[in-house]
file upload.cif (mmCIF, C-alpha atoms and all ligand atoms)
data_my_file
#
loop_
_atom_site.label_atom_id
_atom_site.label_comp_id
_atom_site.auth_asym_id
_atom_site.auth_seq_id
_atom_site.Cartn_x
_atom_site.Cartn_y
_atom_site.Cartn_z
CA MET A 1 -31.93 104.94 73.32
CA ASN A 2 -34.43 102.73 75.06
CA ASP A 3 -34.36 101.16 78.51
CA LYS A 4 -37.12 98.63 77.97
CA CYS A 5 -36.11 94.99 78.31
CA ILE A 6 -35.26 92.35 75.72
CA GLY A 7 -37.68 89.41 76.04
CA VAL A 8 -36.29 85.96 75.23
CA PHE A 9 -38.10 82.62 75.25
CA ASP A 10 -37.64 78.94 74.53
CA SER A 11 -39.22 75.67 75.60
CA GLY A 12 -36.60 75.30 78.33
CA LEU A 13 -32.87 75.71 78.84
CA GLY A 14 -31.91 75.92 75.17
CA GLY A 15 -32.64 79.61 74.75
CA LEU A 16 -30.02 80.34 77.40
CA THR A 17 -27.42 79.68 74.69
CA CYS A 18 -28.77 82.80 73.03
CA LEU A 19 -29.36 84.75 76.25
CA LYS A 20 -25.79 84.11 77.42
CA GLU A 21 -24.46 85.65 74.23
CA ILE A 22 -26.88 88.60 74.44
CA MET A 23 -25.61 89.24 77.99
CA ASN A 24 -22.00 89.07 76.73
CA ILE A 25 -22.32 91.40 73.80
CA LEU A 26 -25.03 93.71 75.24
CA PRO A 27 -24.10 93.92 78.94
CA ARG A 28 -26.16 97.07 79.65
CA GLU A 29 -29.45 95.58 78.50
CA SER A 30 -32.08 94.26 80.88
CA THR A 31 -33.49 90.91 79.87
CA VAL A 32 -36.53 88.79 80.72
CA TYR A 33 -36.21 85.06 79.98
CA PHE A 34 -39.09 82.60 79.85
CA GLY A 35 -38.46 78.83 79.66
CA ASP A 36 -41.66 76.84 79.05
CA THR A 37 -40.34 73.91 81.05
CA ALA A 38 -43.80 72.50 81.83
CA ARG A 39 -44.41 71.92 78.11
CA VAL A 40 -40.90 70.98 76.92
CA PRO A 41 -40.11 69.37 74.48
CA TYR A 42 -41.64 71.44 71.70
CA GLY A 43 -39.94 69.50 68.91
CA THR A 44 -42.37 66.58 68.96
CA ARG A 45 -45.54 68.76 68.95
CA THR A 46 -47.98 69.43 66.11
CA ASN A 47 -47.88 72.74 64.24
CA GLU A 48 -51.16 73.77 65.86
CA GLU A 49 -49.83 73.15 69.36
CA LEU A 50 -46.66 75.07 68.55
CA ILE A 51 -48.58 78.10 67.31
CA ASN A 52 -50.69 78.13 70.49
CA PHE A 53 -47.63 77.74 72.71
CA ALA A 54 -45.83 80.52 70.86
CA LYS A 55 -48.85 82.82 71.31
CA SER A 56 -48.95 82.28 75.05
CA ASP A 57 -45.16 82.66 75.42
CA ILE A 58 -45.27 85.95 73.50
CA ASN A 59 -48.36 87.15 75.43
CA PHE A 60 -46.52 86.51 78.68
CA LEU A 61 -43.38 88.36 77.60
CA GLN A 62 -45.49 91.26 76.37
CA THR A 63 -46.64 91.85 79.96
CA HIS A 64 -43.03 93.04 80.53
CA ASN A 65 -43.34 95.58 77.72
CA PRO A 66 -40.18 94.49 75.84
CA LYS A 67 -38.62 96.50 73.02
CA VAL A 68 -37.96 93.28 71.12
CA ILE A 69 -38.82 89.60 71.61
CA VAL A 70 -36.21 87.02 70.69
CA VAL A 71 -37.61 83.62 69.76
CA ALA A 72 -34.60 81.63 70.98
CA CYS A 73 -36.20 78.43 69.75
CA GLY A 74 -35.56 76.83 66.38
CA THR A 75 -38.87 74.99 66.46
CA VAL A 76 -41.07 78.04 67.06
CA SER A 77 -38.99 80.07 64.58
CA SER A 78 -39.45 77.35 61.91
CA VAL A 79 -43.07 76.45 62.42
CA ALA A 80 -44.99 79.21 64.19
CA LEU A 81 -43.33 82.51 63.29
CA PRO A 82 -43.94 82.29 59.55
CA VAL A 83 -47.71 82.11 60.17
CA MET A 84 -47.90 84.52 63.12
CA GLY A 85 -45.77 87.42 61.87
CA GLU A 86 -48.34 90.15 61.28
CA GLU A 87 -50.34 89.61 64.49
CA ILE A 88 -47.52 90.62 66.80
CA LYS A 89 -47.01 94.29 67.55
CA THR A 90 -43.61 93.97 69.25
CA PRO A 91 -40.62 93.47 66.91
CA ILE A 92 -39.72 89.77 66.80
CA ILE A 93 -36.40 88.13 65.95
CA GLY A 94 -36.25 84.38 65.28
CA VAL A 95 -33.17 82.20 64.86
CA ILE A 96 -33.40 81.04 61.24
CA ASP A 97 -32.13 83.99 59.18
CA SER A 98 -29.03 84.79 61.20
CA THR A 99 -28.13 81.09 61.49
CA VAL A 100 -28.42 80.59 57.75
CA GLU A 101 -26.25 83.68 57.14
CA ALA A 102 -23.57 82.36 59.51
CA ALA A 103 -23.61 78.87 57.95
CA HIS A 104 -23.40 80.23 54.43
CA ALA A 105 -20.46 82.44 55.38
CA ALA A 106 -18.68 79.47 56.96
CA THR A 107 -19.03 76.77 54.29
CA LYS A 108 -16.34 76.30 51.64
CA ASN A 109 -17.59 73.13 49.94
CA LYS A 110 -21.27 74.26 50.04
CA LYS A 111 -22.33 71.10 51.84
CA ILE A 112 -24.22 72.01 55.00
CA GLY A 113 -25.74 69.65 57.55
CA ILE A 114 -28.68 70.64 59.74
CA ILE A 115 -29.65 69.00 63.00
CA ALA A 116 -32.82 70.17 64.68
CA THR A 117 -36.01 68.95 66.29
CA GLU A 118 -38.40 66.77 64.32
CA ALA A 119 -40.87 69.66 63.89
CA SER A 120 -38.15 71.97 62.56
CA VAL A 121 -36.86 69.34 60.13
CA ARG A 122 -40.44 68.64 58.98
CA SER A 123 -40.92 72.36 58.21
CA GLY A 124 -37.81 72.46 56.01
CA ALA A 125 -37.28 76.06 57.18
CA TYR A 126 -33.46 76.02 57.35
CA GLU A 127 -33.12 74.23 54.00
CA LYS A 128 -35.57 76.51 52.20
CA ARG A 129 -33.77 79.60 53.48
CA LEU A 130 -30.35 78.20 52.53
CA LYS A 131 -31.47 77.22 49.02
CA SER A 132 -33.10 80.57 48.37
CA LYS A 133 -29.88 82.28 49.45
CA ASP A 134 -27.68 80.01 47.34
CA PRO A 135 -29.17 77.31 45.08
CA GLU A 136 -25.78 75.59 44.85
CA VAL A 137 -25.79 74.62 48.52
CA GLU A 138 -26.43 70.94 49.23
CA THR A 139 -28.14 70.16 52.52
CA ILE A 140 -28.88 67.17 54.70
CA ALA A 141 -31.22 67.55 57.67
CA VAL A 142 -31.67 65.08 60.54
CA GLY A 143 -34.07 65.29 63.48
CA CYS A 144 -32.53 64.41 66.87
CA PRO A 145 -35.45 63.84 69.29
CA LEU A 146 -33.35 62.53 72.18
CA PHE A 147 -31.09 65.58 72.40
CA VAL A 148 -33.54 67.97 74.12
CA PRO A 149 -34.56 65.54 76.92
CA LEU A 150 -30.84 64.78 77.49
CA VAL A 151 -30.03 68.49 77.86
CA GLU A 152 -33.02 69.18 80.12
CA ALA A 153 -31.88 66.28 82.34
CA GLY A 154 -28.36 67.75 82.52
CA LYS A 155 -26.89 64.67 80.77
CA THR A 156 -24.82 66.63 78.26
CA ASN A 157 -21.62 64.67 78.78
CA SER A 158 -23.08 61.19 79.16
CA GLU A 159 -22.65 57.89 77.35
CA GLU A 160 -26.28 58.18 76.27
CA ALA A 161 -25.55 61.53 74.61
CA ARG A 162 -22.47 60.07 72.89
CA ASN A 163 -24.39 57.09 71.53
CA ALA A 164 -27.29 59.23 70.33
CA ALA A 165 -24.87 61.63 68.61
CA LYS A 166 -23.09 58.78 66.82
CA GLU A 167 -26.37 57.44 65.48
CA TYR A 168 -27.95 60.76 64.44
CA LEU A 169 -24.80 62.19 62.89
CA ALA A 170 -23.68 59.14 60.87
CA PRO A 171 -25.51 60.15 57.64
CA ILE A 172 -24.25 63.73 58.00
CA VAL A 173 -20.64 62.60 58.41
CA ALA A 174 -21.11 60.35 55.35
CA ALA A 175 -22.42 63.31 53.31
CA GLY A 176 -19.08 65.14 53.74
CA VAL A 177 -20.43 68.44 55.07
CA ASP A 178 -17.92 71.06 56.23
CA THR A 179 -20.51 73.02 58.25
CA LEU A 180 -23.19 71.83 60.65
CA ILE A 181 -26.09 74.00 61.79
CA LEU A 182 -27.11 73.32 65.39
CA GLY A 183 -30.67 74.24 64.45
CA CYS A 184 -32.09 73.79 67.94
CA THR A 185 -30.91 76.16 70.65
CA HIS A 186 -30.49 73.25 73.07
CA TYR A 187 -27.81 71.63 70.93
CA PRO A 188 -24.86 73.96 71.68
CA LEU A 189 -24.98 72.43 75.16
CA LEU A 190 -24.00 69.16 73.43
CA ALA A 191 -21.33 70.80 71.26
CA ASP A 192 -18.45 68.79 72.74
CA VAL A 193 -20.14 65.48 72.06
CA ILE A 194 -21.27 66.58 68.59
CA SER A 195 -17.78 67.82 67.76
CA GLU A 196 -16.22 64.52 68.84
CA VAL A 197 -18.34 62.74 66.22
CA MET A 198 -18.08 65.35 63.44
CA GLY A 199 -14.33 65.97 63.81
CA ASP A 200 -12.40 69.24 64.03
CA SER A 201 -12.69 70.12 60.36
CA VAL A 202 -16.47 70.67 60.56
CA THR A 203 -17.62 74.12 61.71
CA LEU A 204 -20.55 74.04 64.13
CA ILE A 205 -22.99 76.95 63.80
CA ASP A 206 -24.63 77.89 67.09
CA SER A 207 -28.05 79.35 66.27
CA GLY A 208 -28.28 81.19 69.60
CA LYS A 209 -24.96 82.92 69.11
CA ALA A 210 -25.71 83.93 65.51
CA THR A 211 -29.05 85.36 66.66
CA ALA A 212 -27.54 87.41 69.49
CA SER A 213 -25.41 89.32 66.95
CA CYS A 214 -28.55 89.96 64.92
CA VAL A 215 -30.28 91.37 68.05
CA LYS A 216 -27.37 93.76 68.62
CA LYS A 217 -27.49 94.95 65.02
CA PHE A 218 -31.27 95.47 65.25
CA LEU A 219 -30.96 97.58 68.42
CA GLU A 220 -28.13 99.65 66.96
CA GLU A 221 -29.88 100.28 63.66
CA ASN A 222 -33.12 101.29 65.36
CA ASN A 223 -31.49 103.41 68.05
CA LEU A 224 -32.89 101.12 70.73
CA LEU A 225 -29.77 100.37 72.78
CA ALA A 226 -30.19 100.78 76.53
CA PHE A 227 -29.19 104.15 77.86
CA ASP A 228 -29.26 103.81 81.57
CA ALA A 229 -30.39 100.27 82.37
CA GLN A 230 -28.59 98.60 85.23
CA ALA A 231 -26.03 96.15 83.99
CA ASP A 232 -27.01 92.56 84.71
CA ASP A 233 -30.67 93.30 85.33
CA SER A 234 -32.11 89.95 84.30
CA LYS A 235 -35.31 88.17 85.26
CA PHE A 236 -36.13 84.49 84.77
CA TYR A 237 -39.51 82.76 84.59
CA VAL A 238 -40.41 79.14 84.01
CA SER A 239 -43.66 77.20 83.78
CA GLY A 240 -42.24 74.04 85.43
CA ASP A 241 -39.84 73.17 88.22
CA VAL A 242 -37.92 76.22 89.48
CA HIS A 243 -35.10 74.40 91.28
CA SER A 244 -33.87 72.17 88.49
CA PHE A 245 -33.99 75.11 86.06
CA LYS A 246 -32.01 77.32 88.42
CA ARG A 247 -29.39 74.64 89.04
CA LEU A 248 -28.84 73.82 85.37
CA ALA A 249 -29.13 77.43 84.20
CA THR A 250 -26.54 78.63 86.73
CA ALA A 251 -24.11 75.96 85.55
CA PHE A 252 -24.69 76.89 81.96
CA LEU A 253 -24.58 80.68 82.31
CA GLU A 254 -21.46 80.23 84.49
CA LYS A 255 -22.81 82.72 86.98
CA GLU A 256 -25.26 82.65 89.83
CA ILE A 257 -28.78 83.71 88.89
CA GLU A 258 -29.17 86.38 91.53
CA THR A 259 -32.87 87.10 91.25
CA GLU A 260 -35.52 84.51 92.07
CA VAL A 261 -36.61 82.28 89.23
CA GLU A 262 -40.36 82.65 89.27
CA LYS A 263 -42.89 80.00 88.31
CA ILE A 264 -45.85 81.18 86.24
CA ASN A 265 -49.00 79.52 84.96
CA ILE A 266 -48.50 79.86 81.21
CA GLU A 267 -52.01 78.53 80.47
CA LYS A 268 -53.34 81.90 81.70
CA TYR A 269 -51.73 83.59 78.70
CA MET A 270 -53.34 81.44 76.00
N1 LIG B 301 -34.73 74.75 71.91
C1 LIG B 301 -35.84 74.61 71.02
C2 LIG B 301 -35.43 74.63 69.59
O1 LIG B 301 -34.53 75.39 69.31
C3 LIG B 301 -36.92 73.65 71.42
C4 LIG B 301 -36.56 72.23 71.56
C5 LIG B 301 -37.68 71.40 72.12
O2 LIG B 301 -38.31 71.81 73.09
O3 LIG B 301 -37.93 70.33 71.55
O4 LIG B 301 -35.96 73.99 68.73
#
call {"tool": "encode", "arguments": {"input": "upload.cif", "output": "structure tokens"}}
result
Amino acid sequence: MNDKCIGVFDSGLGGLTCLKEIMNILPRESTVYFGDTARVPYGTRTNEELINFAKSDINFLQTHNPKVIVVACGTVSSVALPVMGEEIKTPIIGVIDSTVEAAHAATKNKKIGIIATEASVRSGAYEKRLKSKDPEVETIAVGCPLFVPLVEAGKTNSEEARNAAKEYLAPIVAAGVDTLILGCTHYPLLADVISEVMGDSVTLIDSGKATASCVKKFLEENNLLAFDAQADDSKFYVSGDVHSFKRLATAFLEKEIETEVEKINIEKYM
């Protein structure tokens, strides 16, 4: 039993797709969320920038003494985690492994599409993991750079989002996949629009959701579940504008964020 918090971070709102699920399935846990909204989007950054950003995000969360840090960001999980692993003392859970497991369990025709940020697609992380699990799986990966700015602007149900989805997803529809990995944690916020284009027969895999189940399993197996933490004890920090984050996050989490969202200077943690 362990009453320390679970630290969760992303470049912005996307990681809330994972946090929301952690709050649902682990309601007694206290959580600390950091959204690096001053430096979003991550998906168009170089590998070097991403490693530095990840270091500062983790350094900040470590000031809260978490029992585990969840990298609720496909981009950091794909690019930075594989080269940082050993340096970090706190246990770290990224989104790739659990997402790949969920996609592999879902596919029947072994054709899996992946949509993610440009940096994640460039790394090939999801594809490599899928192929090493099952060499028979065929994959097609497409970067969708407009999706994150659309989500951060709250335009998840807009004509712009629909048009972007049609364009990005056309080659994936043509490839006949039966499963689509939403390889960026922002994308579940566009699930309705994505589903309209892909059709009902394609299963969408939400990387945040898959990862939350992995966090639960990790805490159970290591006897780290909260014993006496107050239910709903959650803290939120951002590096950019507090008000727009609070407004969009409240709508997404479907509950009022009761504590203050605090703005921090993330550069201090580099
Ligand atoms: N939500 C993140 C991801 O899963 C980052 C997206 C971005 O900032 O470009 O990749």
call {"tool": "closest_atom_pairs", "arguments": {"input": "upload.cif", "of": "chain A", "to": "ligand LIG 301 (chain B)", "cutoff": "7 Å", "atoms": "only C-alpha atoms and all ligand atoms", "output": "CSV"}}
result
residue,atom,partner,partner_atom,distance
A:Asp10,CA,B:LIG301,N1,5.7
A:Ser11,CA,B:LIG301,O2,4.7
A:Gly12,CA,B:LIG301,O2,6.5
A:Gly14,CA,B:LIG301,N1,4.5
A:Gly15,CA,B:LIG301,N1,6.0
A:Val40,CA,B:LIG301,O2,4.7
A:Pro41,CA,B:LIG301,O2,3.3
A:Tyr42,CA,B:LIG301,O2,3.6
A:Gly43,CA,B:LIG301,O3,3.4
A:Thr44,CA,B:LIG301,O3,6.4
A:Ala72,CA,B:LIG301,O1,6.5
A:Cys73,CA,B:LIG301,O1,3.5
A:Gly74,CA,B:LIG301,O1,3.4
A:Thr75,CA,B:LIG301,O4,3.8
A:Val76,CA,B:LIG301,O4,6.7
A:Ala116,CA,B:LIG301,O4,6.4
A:Thr117,CA,B:LIG301,O4,5.6
A:Ser120,CA,B:LIG301,O4,6.9
A:Val148,CA,B:LIG301,O3,5.6
A:Gly183,CA,B:LIG301,O1,6.3
A:Cys184,CA,B:LIG301,O1,3.2
A:Thr185,CA,B:LIG301,O1,3.9
A:His186,CA,B:LIG301,N1,4.6
call {"tool": "write_last_selection", "arguments": {"input": "upload.cif", "atoms": "C-alpha atoms", "output": "JSON list (two decimals), in the frame of the given file"}}
result
[["chain", "number", "residue", "atom", "x", "y", "z"],
["A", 10, "ASP", "CA", -37.64, 78.94, 74.53],
["A", 11, "SER", "CA", -39.22, 75.67, 75.60],
["A", 12, "GLY", "CA", -36.60, 75.30, 78.33],
["A", 14, "GLY", "CA", -31.91, 75.92, 75.17],
["A", 15, "GLY", "CA", -32.64, 79.61, 74.75],
["A", 40, "VAL", "CA", -40.90, 70.98, 76.92],
["A", 41, "PRO", "CA", -40.11, 69.37, 74.48],
["A", 42, "TYR", "CA", -41.64, 71.44, 71.70],
["A", 43, "GLY", "CA", -39.94, 69.50, 68.91],
["A", 44, "THR", "CA", -42.37, 66.58, 68.96],
["A", 72, "ALA", "CA", -34.60, 81.63, 70.98],
["A", 73, "CYS", "CA", -36.20, 78.43, 69.75],
["A", 74, "GLY", "CA", -35.56, 76.83, 66.38],
["A", 75, "THR", "CA", -38.87, 74.99, 66.46],
["A", 76, "VAL", "CA", -41.07, 78.04, 67.06],
["A", 116, "ALA", "CA", -32.82, 70.17, 64.68],
["A", 117, "THR", "CA", -36.01, 68.95, 66.29],
["A", 120, "SER", "CA", -38.15, 71.97, 62.56],
["A", 148, "VAL", "CA", -33.54, 67.97, 74.12],
["A", 183, "GLY", "CA", -30.67, 74.24, 64.45],
["A", 184, "CYS", "CA", -32.09, 73.79, 67.94],
["A", 185, "THR", "CA", -30.91, 76.16, 70.65],
["A", 186, "HIS", "CA", -30.49, 73.25, 73.07]]
call {"tool": "residues_around", "arguments": {"input": "upload.cif", "residues": "A:Glu267", "least_positions_apart": "2", "cutoff": "10 Å", "atoms": "all atoms listed in the file", "output": "list in words"}}
result
Phe53, Ser56, Asp57, Phe60, Ser239, Ile264, Asn265, Tyr269 and Met270 of chain A
call {"tool": "write_last_selection", "arguments": {"input": "upload.cif", "atoms": "C-alpha atoms", "output": "PDB file, in the frame of the given file"}}
result
ATOM      1  CA  PHE A  53     -47.630  77.740  72.710  1.00  0.00           C
ATOM      2  CA  SER A  56     -48.950  82.280  75.050  1.00  0.00           C
ATOM      3  CA  ASP A  57     -45.160  82.660  75.420  1.00  0.00           C
ATOM      4  CA  PHE A  60     -46.520  86.510  78.680  1.00  0.00           C
ATOM      5  CA  SER A 239     -43.660  77.200  83.780  1.00  0.00           C
ATOM      6  CA  ILE A 264     -45.850  81.180  86.240  1.00  0.00           C
ATOM      7  CA  ASN A 265     -49.000  79.520  84.960  1.00  0.00           C
ATOM      8  CA  TYR A 269     -51.730  83.590  78.700  1.00  0.00           C
ATOM      9  CA  MET A 270     -53.340  81.440  76.000  1.00  0.00           C
TER      10      MET A 270
END
call {"tool": "closest_residue", "arguments": {"input": "upload.cif", "among": "A:Ser77, A:Glu262, A:Pro145, A:Glu152", "to": "A:Arg39", "atoms": "only C-alpha atoms"}}
result
A:Glu152
call {"tool": "residues_around", "arguments": {"input": "upload.cif", "residues": "stretch 129-137 of chain A", "least_positions_apart": "3", "cutoff": "9 Å", "atoms": "only C-alpha atoms", "output": "number ranges by chain"}}
result
A: 96-97, 100-101, 103-104, 109-112, 124-126
call {"tool": "closest_residue", "arguments": {"input": "upload.cif", "among": "A:Ala105, A:Ala165, A:Val261, A:Met1", "to": "A:Ser195", "atoms": "all atoms listed in the file"}}
result
A:Ala165
call {"tool": "closest_residue", "arguments": {"input": "upload.cif", "among": "A:Leu180, A:Met23, A:Ala212, A:Val8", "to": "A:Lys255", "atoms": "all atoms listed in the file"}}
result
A:Met23
call {"tool": "closest_residue", "arguments": {"input": "upload.cif", "among": "A:Ser158, A:Ser207, A:Asn163, A:Ser98", "to": "A:Ile114", "atoms": "all atoms listed in the file"}}
result
A:Ser207
call {"tool": "atom_distance", "arguments": {"input": "upload.cif", "atom1": "atom CA of A:Pro82", "atom2": "atom CA of A:Asn47"}}
result
11.3 Å
call {"tool": "atom_distance", "arguments": {"input": "upload.cif", "atom1": "atom CA of A:Val151", "atom2": "atom CA of A:Phe245"}}
result
11.3 Å
call {"tool": "closest_residue", "arguments": {"input": "upload.cif", "among": "A:Asn65, A:Thr90, A:Asn223, A:Asn157", "to": "A:Ala191", "atoms": "all atoms listed in the file"}}
result
A:Asn157
call {"tool": "atom_distance", "arguments": {"input": "upload.cif", "atom1": "atom CA of A:Ala170", "atom2": "atom CA of A:Val142"}}
result
10.0 Å
call {"tool": "residues_around", "arguments": {"input": "upload.cif", "residues": "A:Ser201", "least_positions_apart": "4", "cutoff": "10 Å", "atoms": "all atoms listed in the file", "output": "list in words"}}
result
Val177, Asp178, Thr179 and Ser195 of chain A
call {"tool": "closest_residue", "arguments": {"input": "upload.cif", "among": "A:Thr31, A:Thr99, A:Asn59, A:Thr46", "to": "A:Lys268", "atoms": "all atoms listed in the file"}}
result
A:Asn59
call {"tool": "residues_around", "arguments": {"input": "upload.cif", "residues": "A:Leu150", "least_positions_apart": "4", "cutoff": "10 Å", "atoms": "all atoms listed in the file", "output": "list of chain:residue names"}}
result
A:Pro145, A:Leu146, A:Gly154, A:Lys155, A:Thr156, A:Asn157, A:Ser158, A:Glu160, A:Ala161, A:Ala164, A:His186, A:Tyr187, A:Leu189, A:Leu190
call {"tool": "residues_near_point", "arguments": {"input": "upload.cif", "point": "(-25.1, 94.0, 79.9)", "cutoff": "12 Å", "atoms": "all atoms listed in the file", "output": "list in words"}}
result
Asp3, Cys5, Ile6, Leu19, Lys20, Glu21, Ile22, Met23, Asn24, Ile25, Leu26, Pro27, Arg28, Glu29, Ser30, Thr31, Lys216, Leu225, Ala226, Phe227, Asp228, Ala229, Gln230, Ala231, Asp232, Asp233 and Ser234 of chain A
call {"tool": "build_atoms", "arguments": {"input": "upload.cif", "residues": "stretch 174-182 of chain A", "atoms": "all heavy atoms", "output": "compact mmCIF listing (two decimals), keeping the file's coordinate frame"}}
result
# COMPACT_ATOMS: atom_id res chain seq x y z
N ALA A 174 -21.25 61.01 56.65
CA ALA A 174 -21.11 60.35 55.35
C ALA A 174 -21.33 61.32 54.18
O ALA A 174 -20.75 61.15 53.11
CB ALA A 174 -22.10 59.18 55.25
N ALA A 175 -22.13 62.36 54.39
CA ALA A 175 -22.42 63.31 53.31
C ALA A 175 -21.27 64.29 53.07
O ALA A 175 -21.29 65.07 52.11
CB ALA A 175 -23.70 64.08 53.63
N GLY A 176 -20.27 64.30 53.95
CA GLY A 176 -19.08 65.14 53.74
C GLY A 176 -19.32 66.63 53.92
O GLY A 176 -18.69 67.45 53.25
N VAL A 177 -20.20 67.00 54.83
CA VAL A 177 -20.43 68.44 55.07
C VAL A 177 -19.19 69.06 55.72
O VAL A 177 -18.44 68.38 56.43
CB VAL A 177 -21.67 68.68 55.97
CG1 VAL A 177 -22.90 68.00 55.40
CG2 VAL A 177 -21.41 68.22 57.41
N ASP A 178 -19.00 70.38 55.49
CA ASP A 178 -17.92 71.06 56.23
C ASP A 178 -18.50 72.00 57.28
O ASP A 178 -17.77 72.64 58.03
CB ASP A 178 -16.97 71.81 55.27
CG ASP A 178 -17.61 73.03 54.60
OD1 ASP A 178 -18.83 73.26 54.77
OD2 ASP A 178 -16.88 73.74 53.88
N THR A 179 -19.85 72.10 57.31
CA THR A 179 -20.51 73.02 58.25
C THR A 179 -21.76 72.33 58.77
O THR A 179 -22.49 71.69 58.00
CB THR A 179 -20.91 74.32 57.48
OG1 THR A 179 -19.73 74.86 56.88
CG2 THR A 179 -21.55 75.35 58.38
N LEU A 180 -22.00 72.47 60.06
CA LEU A 180 -23.19 71.83 60.65
C LEU A 180 -23.97 72.87 61.46
O LEU A 180 -23.45 73.45 62.42
CB LEU A 180 -22.79 70.66 61.55
CG LEU A 180 -23.94 69.94 62.27
CD1 LEU A 180 -24.90 69.27 61.28
CD2 LEU A 180 -23.40 68.90 63.26
N ILE A 181 -25.22 73.08 61.05
CA ILE A 181 -26.09 74.00 61.79
C ILE A 181 -26.68 73.28 63.00
O ILE A 181 -27.32 72.24 62.86
CB ILE A 181 -27.24 74.51 60.89
CG1 ILE A 181 -26.70 75.45 59.81
CG2 ILE A 181 -28.33 75.17 61.71
CD1 ILE A 181 -27.77 75.98 58.85
N LEU A 182 -26.44 73.83 64.19
CA LEU A 182 -27.11 73.32 65.39
C LEU A 182 -28.45 74.07 65.43
O LEU A 182 -28.57 75.14 66.02
CB LEU A 182 -26.27 73.58 66.64
CG LEU A 182 -24.81 73.10 66.58
CD1 LEU A 182 -24.10 73.35 67.90
CD2 LEU A 182 -24.72 71.63 66.21
